[in-house]
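Everything below concerns the one structure shown next.
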Amino acid sequence: MTLFRPCIATDSLAKKVSVAPGPPIKLSTRQQGEVTILDLRGDITLFNSPEVRKALMALLRDQRVPQLFVNMTGVKYVDSSGIASLVEGLKIARDLGSRFLLYGLSKPAITVLELTHLLRVFEVHGTEEEALAALPPAADKFTLSAGDGTGESA
């Protein structure tokens, strides 16, 4: 006779512990000439990445901003859900022909982007001044490969 044994015992502390959501993220936008800047303050985690995603979607899809610069100087930590929100913003920006870049990344945020091989995918700058002074990357950087190894654009 096989007895069913739950993975976590009924009297386990694991069932009694709840995870606090952590401090909320603060989001604000401002204009710098033709550029819309989304200022983020706080960690981007599973608990608040939906807020970041919602802000990115509103700016890109609803307001159709031509250039969105994400100021991450106030962000010390980004988890995988935060990275997913940023990647989604980048994809939508590319689909709409908008420029999307990140600046002011902390060392842990850079490390996460390096480990996920996304640091080269995003346009990244150290400071706001550098971001504003940088010319947009060539349009052909965003074309898709035909997939046949020739490097020809589709």
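In the structure tokens, chains take the letters A, B, ... in the order shown, each chain's residues start at 1, and ligands count up from 1 in the order shown.
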Quiz item: Counting only C-alpha atoms, what is within 10 Å of region 23-38 of chain A, bar same-chain residues fewer than 6 positions away, as a PyMOL selection string?
Solution: chain A and resi 44-45+47-49+51-52+55-56+59+65-72+74-75+99-102+128+132
Any chance you could export the current selection's C-alpha atoms as an mmCIF file, in the first residue's frame?
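Below is the file out.cif, written as the result:
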data_model
loop_
_atom_site.group_PDB
_atom_site.id
_atom_site.type_symbol
_atom_site.label_atom_id
_atom_site.label_comp_id
_atom_site.auth_asym_id
_atom_site.auth_seq_id
_atom_site.Cartn_x
_atom_site.Cartn_y
_atom_site.Cartn_z
ATOM 1 C CA ILE A 44 11.559 46.187 -10.707
ATOM 2 C CA THR A 45 10.223 42.862 -9.465
ATOM 3 C CA PHE A 47 5.221 42.557 -7.735
ATOM 4 C CA ASN A 48 5.537 45.832 -9.640
ATOM 5 C CA SER A 49 6.656 44.894 -13.157
ATOM 6 C CA GLU A 51 3.060 48.775 -13.467
ATOM 7 C CA VAL A 52 6.204 49.251 -15.547
ATOM 8 C CA ALA A 55 3.441 52.600 -18.377
ATOM 9 C CA LEU A 56 5.516 51.399 -21.346
ATOM 10 C CA LEU A 59 3.535 55.607 -23.852
ATOM 11 C CA VAL A 65 5.899 58.547 -28.539
ATOM 12 C CA PRO A 66 8.637 58.536 -31.207
ATOM 13 C CA GLN A 67 11.484 58.202 -28.687
ATOM 14 C CA LEU A 68 11.229 56.612 -25.246
ATOM 15 C CA PHE A 69 14.231 56.747 -22.947
ATOM 16 C CA VAL A 70 13.938 54.719 -19.735
ATOM 17 C CA ASN A 71 15.848 56.334 -16.869
ATOM 18 C CA MET A 72 16.991 53.532 -14.572
ATOM 19 C CA GLY A 74 16.910 54.954 -9.437
ATOM 20 C CA VAL A 75 16.662 51.188 -10.039
ATOM 21 C CA ARG A 99 13.378 54.518 -30.508
ATOM 22 C CA PHE A 100 13.675 52.767 -27.119
ATOM 23 C CA LEU A 101 16.728 52.968 -24.902
ATOM 24 C CA LEU A 102 17.835 52.456 -21.331
ATOM 25 C CA GLU A 128 20.939 61.046 -19.614
ATOM 26 C CA LEU A 132 20.328 62.580 -25.467
#
Exercise. Mind checking which residues fall within 12 Å of Leu119 (chain A), counting only C-alpha atoms, ignoring those fewer than 3 positions away in the same chain, and posting them as a PyMOL selection string?
Key: chain A and resi 83+86-87+101-103+105+109-116+122-125
Can you spit out the residues from that selection as a PDB file, in the first residue's frame, using N, CA and C atoms?
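Dumped everything to selection_37.pdb:
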ATOM      1  N   ILE A  83      12.779  42.336 -16.532  1.00  0.00           N
ATOM      2  CA  ILE A  83      13.456  42.219 -17.831  1.00  0.00           C
ATOM      3  C   ILE A  83      12.424  41.927 -18.921  1.00  0.00           C
ATOM      4  N   LEU A  86      10.675  45.085 -19.945  1.00  0.00           N
ATOM      5  CA  LEU A  86      11.541  45.925 -20.782  1.00  0.00           C
ATOM      6  C   LEU A  86      11.674  45.354 -22.190  1.00  0.00           C
ATOM      7  N   VAL A  87      11.802  44.035 -22.301  1.00  0.00           N
ATOM      8  CA  VAL A  87      11.895  43.397 -23.621  1.00  0.00           C
ATOM      9  C   VAL A  87      10.603  43.616 -24.405  1.00  0.00           C
ATOM     10  N   LEU A 101      15.409  53.201 -25.488  1.00  0.00           N
ATOM     11  CA  LEU A 101      16.728  52.968 -24.902  1.00  0.00           C
ATOM     12  C   LEU A 101      16.661  53.038 -23.394  1.00  0.00           C
ATOM     13  N   LEU A 102      17.684  52.465 -22.779  1.00  0.00           N
ATOM     14  CA  LEU A 102      17.835  52.456 -21.331  1.00  0.00           C
ATOM     15  C   LEU A 102      19.083  53.245 -20.977  1.00  0.00           C
ATOM     16  N   TYR A 103      19.042  53.942 -19.848  1.00  0.00           N
ATOM     17  CA  TYR A 103      20.269  54.577 -19.370  1.00  0.00           C
ATOM     18  C   TYR A 103      20.296  54.578 -17.847  1.00  0.00           C
ATOM     19  N   LEU A 105      21.883  52.341 -15.842  1.00  0.00           N
ATOM     20  CA  LEU A 105      21.710  51.020 -15.238  1.00  0.00           C
ATOM     21  C   LEU A 105      22.705  50.788 -14.107  1.00  0.00           C
ATOM     22  N   ALA A 109      21.794  45.451 -12.514  1.00  0.00           N
ATOM     23  CA  ALA A 109      20.935  45.445 -13.706  1.00  0.00           C
ATOM     24  C   ALA A 109      21.756  45.106 -14.948  1.00  0.00           C
ATOM     25  N   ILE A 110      22.960  45.650 -15.047  1.00  0.00           N
ATOM     26  CA  ILE A 110      23.845  45.329 -16.177  1.00  0.00           C
ATOM     27  C   ILE A 110      24.184  43.842 -16.161  1.00  0.00           C
ATOM     28  N   THR A 111      24.463  43.317 -14.980  1.00  0.00           N
ATOM     29  CA  THR A 111      24.804  41.896 -14.850  1.00  0.00           C
ATOM     30  C   THR A 111      23.661  41.009 -15.335  1.00  0.00           C
ATOM     31  N   VAL A 112      22.425  41.339 -14.946  1.00  0.00           N
ATOM     32  CA  VAL A 112      21.263  40.551 -15.389  1.00  0.00           C
ATOM     33  C   VAL A 112      21.140  40.604 -16.907  1.00  0.00           C
ATOM     34  N   LEU A 113      21.318  41.784 -17.494  1.00  0.00           N
ATOM     35  CA  LEU A 113      21.231  41.903 -18.956  1.00  0.00           C
ATOM     36  C   LEU A 113      22.369  41.168 -19.645  1.00  0.00           C
ATOM     37  N   GLU A 114      23.549  41.150 -19.038  1.00  0.00           N
ATOM     38  CA  GLU A 114      24.668  40.387 -19.607  1.00  0.00           C
ATOM     39  C   GLU A 114      24.397  38.890 -19.538  1.00  0.00           C
ATOM     40  N   LEU A 115      23.927  38.413 -18.387  1.00  0.00           N
ATOM     41  CA  LEU A 115      23.668  36.981 -18.221  1.00  0.00           C
ATOM     42  C   LEU A 115      22.582  36.468 -19.159  1.00  0.00           C
ATOM     43  N   THR A 116      21.629  37.325 -19.474  1.00  0.00           N
ATOM     44  CA  THR A 116      20.544  36.939 -20.382  1.00  0.00           C
ATOM     45  C   THR A 116      20.873  37.264 -21.842  1.00  0.00           C
ATOM     46  N   PHE A 122      19.507  45.826 -26.345  1.00  0.00           N
ATOM     47  CA  PHE A 122      19.029  47.162 -26.003  1.00  0.00           C
ATOM     48  C   PHE A 122      20.058  48.214 -26.382  1.00  0.00           C
ATOM     49  N   GLU A 123      19.585  49.407 -26.696  1.00  0.00           N
ATOM     50  CA  GLU A 123      20.470  50.563 -26.786  1.00  0.00           C
ATOM     51  C   GLU A 123      20.637  51.054 -25.352  1.00  0.00           C
ATOM     52  N   VAL A 124      21.878  51.078 -24.853  1.00  0.00           N
ATOM     53  CA  VAL A 124      22.140  51.412 -23.458  1.00  0.00           C
ATOM     54  C   VAL A 124      23.174  52.533 -23.385  1.00  0.00           C
ATOM     55  N   HIS A 125      22.915  53.500 -22.508  1.00  0.00           N
ATOM     56  CA  HIS A 125      23.845  54.604 -22.281  1.00  0.00           C
ATOM     57  C   HIS A 125      24.044  54.786 -20.781  1.00  0.00           C
TER      58      HIS A 125
END
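Taking CA of Thr127 (chain A) and CA of Ser85 (chain A) as the two end points, the separation is 21.4 Å.
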Exercise. Go through A:Gly126, A:Pro50, A:Gly97, A:Gly104 and flag the residue nearest Gly82 (chain A), using only C-alpha atoms for the distances.
Key: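 Among the listed residues, the smallest separation from Gly82 (chain A) belongs to A:Pro50.
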Quiz prompt | Members of region 92-140 of chain A assigned strand (DSSP E or B) by DSSP, as number ranges by chain | solution = A: 99-103, 123-125
Quiz item: Which residues, written as a VMD selection string, have at least one atom at most 6 Å from Asp43 (chain A), with only C-alpha atoms counted and residues fewer than 4 positions away on the same chain left out?
Solution: chain A and resid 75 to 78
Could you dump the residues just selected with N, CA and C atoms as a JSON list (two decimals), in the first residue's frame?
[["chain", "number", "residue", "atom", "x", "y", "z"],
["A", 75, "VAL", "N", 16.98, 52.62, -10.13],
["A", 75, "VAL", "CA", 16.66, 51.19, -10.04],
["A", 75, "VAL", "C", 17.93, 50.43, -9.67],
["A", 76, "LYS", "N", 17.90, 49.76, -8.55],
["A", 76, "LYS", "CA", 19.06, 48.99, -8.11],
["A", 76, "LYS", "C", 18.98, 47.53, -8.52],
["A", 77, "TYR", "N", 17.76, 47.00, -8.66],
["A", 77, "TYR", "CA", 17.59, 45.57, -8.94],
["A", 77, "TYR", "C", 16.46, 45.36, -9.93],
["A", 78, "VAL", "N", 16.66, 44.44, -10.86],
["A", 78, "VAL", "CA", 15.65, 44.05, -11.83],
["A", 78, "VAL", "C", 15.60, 42.53, -11.86]]
Practice problem: Apply DSSP to the structure's backbone, then extract all residues of region 33-85 of chain A labelled helix (DSSP H, G or I) and return them as an NGL selection string. | Solution: :A and (49-62 or 80-85)
Store the residues picked out above in a file with N, CA and C atoms, as an mmCIF file, in the first residue's frame.
data_model
loop_
_atom_site.group_PDB
_atom_site.id
_atom_site.type_symbol
_atom_site.label_atom_id
_atom_site.label_comp_id
_atom_site.auth_asym_id
_atom_site.auth_seq_id
_atom_site.Cartn_x
_atom_site.Cartn_y
_atom_site.Cartn_z
ATOM 1 N N SER A 49 6.374 44.844 -11.718
ATOM 2 C CA SER A 49 6.656 44.894 -13.157
ATOM 3 C C SER A 49 5.394 45.136 -13.991
ATOM 4 N N PRO A 50 4.191 44.696 -13.541
ATOM 5 C CA PRO A 50 2.996 45.047 -14.318
ATOM 6 C C PRO A 50 2.780 46.561 -14.432
ATOM 7 N N GLU A 51 3.164 47.314 -13.403
ATOM 8 C CA GLU A 51 3.060 48.775 -13.467
ATOM 9 C C GLU A 51 4.002 49.341 -14.528
ATOM 10 N N VAL A 52 5.216 48.802 -14.567
ATOM 11 C CA VAL A 52 6.204 49.251 -15.547
ATOM 12 C C VAL A 52 5.699 48.926 -16.948
ATOM 13 N N ARG A 53 5.218 47.696 -17.133
ATOM 14 C CA ARG A 53 4.685 47.276 -18.427
ATOM 15 C C ARG A 53 3.538 48.182 -18.864
ATOM 16 N N LYS A 54 2.619 48.474 -17.945
ATOM 17 C CA LYS A 54 1.468 49.328 -18.257
ATOM 18 C C LYS A 54 1.922 50.722 -18.702
ATOM 19 N N ALA A 55 2.923 51.277 -18.014
ATOM 20 C CA ALA A 55 3.441 52.600 -18.377
ATOM 21 C C ALA A 55 4.086 52.570 -19.760
ATOM 22 N N LEU A 56 4.871 51.522 -20.033
ATOM 23 C CA LEU A 56 5.516 51.399 -21.346
ATOM 24 C C LEU A 56 4.469 51.282 -22.452
ATOM 25 N N MET A 57 3.441 50.461 -22.223
ATOM 26 C CA MET A 57 2.391 50.275 -23.231
ATOM 27 C C MET A 57 1.636 51.579 -23.483
ATOM 28 N N ALA A 58 1.330 52.307 -22.415
ATOM 29 C CA ALA A 58 0.602 53.568 -22.562
ATOM 30 C C ALA A 58 1.404 54.567 -23.392
ATOM 31 N N LEU A 59 2.704 54.654 -23.119
ATOM 32 C CA LEU A 59 3.535 55.607 -23.852
ATOM 33 C C LEU A 59 3.744 55.193 -25.300
ATOM 34 N N LEU A 60 3.995 53.912 -25.516
ATOM 35 C CA LEU A 60 4.318 53.445 -26.872
ATOM 36 C C LEU A 60 3.074 53.221 -27.725
ATOM 37 N N ARG A 61 2.127 52.466 -27.232
ATOM 38 C CA ARG A 61 0.939 52.126 -28.033
ATOM 39 C C ARG A 61 -0.097 53.238 -28.057
ATOM 40 N N ASP A 62 -0.398 53.785 -26.894
ATOM 41 C CA ASP A 62 -1.477 54.770 -26.814
ATOM 42 C C ASP A 62 -1.025 56.162 -27.258
ATOM 43 N N SER A 80 13.608 38.818 -13.375
ATOM 44 C CA SER A 80 13.265 38.333 -14.718
ATOM 45 C C SER A 80 11.947 38.907 -15.232
ATOM 46 N N SER A 81 10.996 39.157 -14.347
ATOM 47 C CA SER A 81 9.730 39.739 -14.805
ATOM 48 C C SER A 81 9.938 41.195 -15.236
ATOM 49 N N GLY A 82 10.847 41.895 -14.564
ATOM 50 C CA GLY A 82 11.181 43.255 -14.973
ATOM 51 C C GLY A 82 11.869 43.284 -16.328
ATOM 52 N N ILE A 83 12.779 42.336 -16.532
ATOM 53 C CA ILE A 83 13.456 42.219 -17.831
ATOM 54 C C ILE A 83 12.424 41.927 -18.921
ATOM 55 N N ALA A 84 11.467 41.047 -18.623
ATOM 56 C CA ALA A 84 10.415 40.712 -19.598
ATOM 57 C C ALA A 84 9.611 41.955 -19.980
ATOM 58 N N SER A 85 9.305 42.812 -19.019
ATOM 59 C CA SER A 85 8.566 44.040 -19.318
ATOM 60 C C SER A 85 9.376 44.965 -20.221
#
Quiz prompt | Pick from A:Arg64, A:Lys107, A:Arg120, A:Arg41 nearest to Asp95 (chain A), counting only C-alpha atoms | solution = A:Arg64
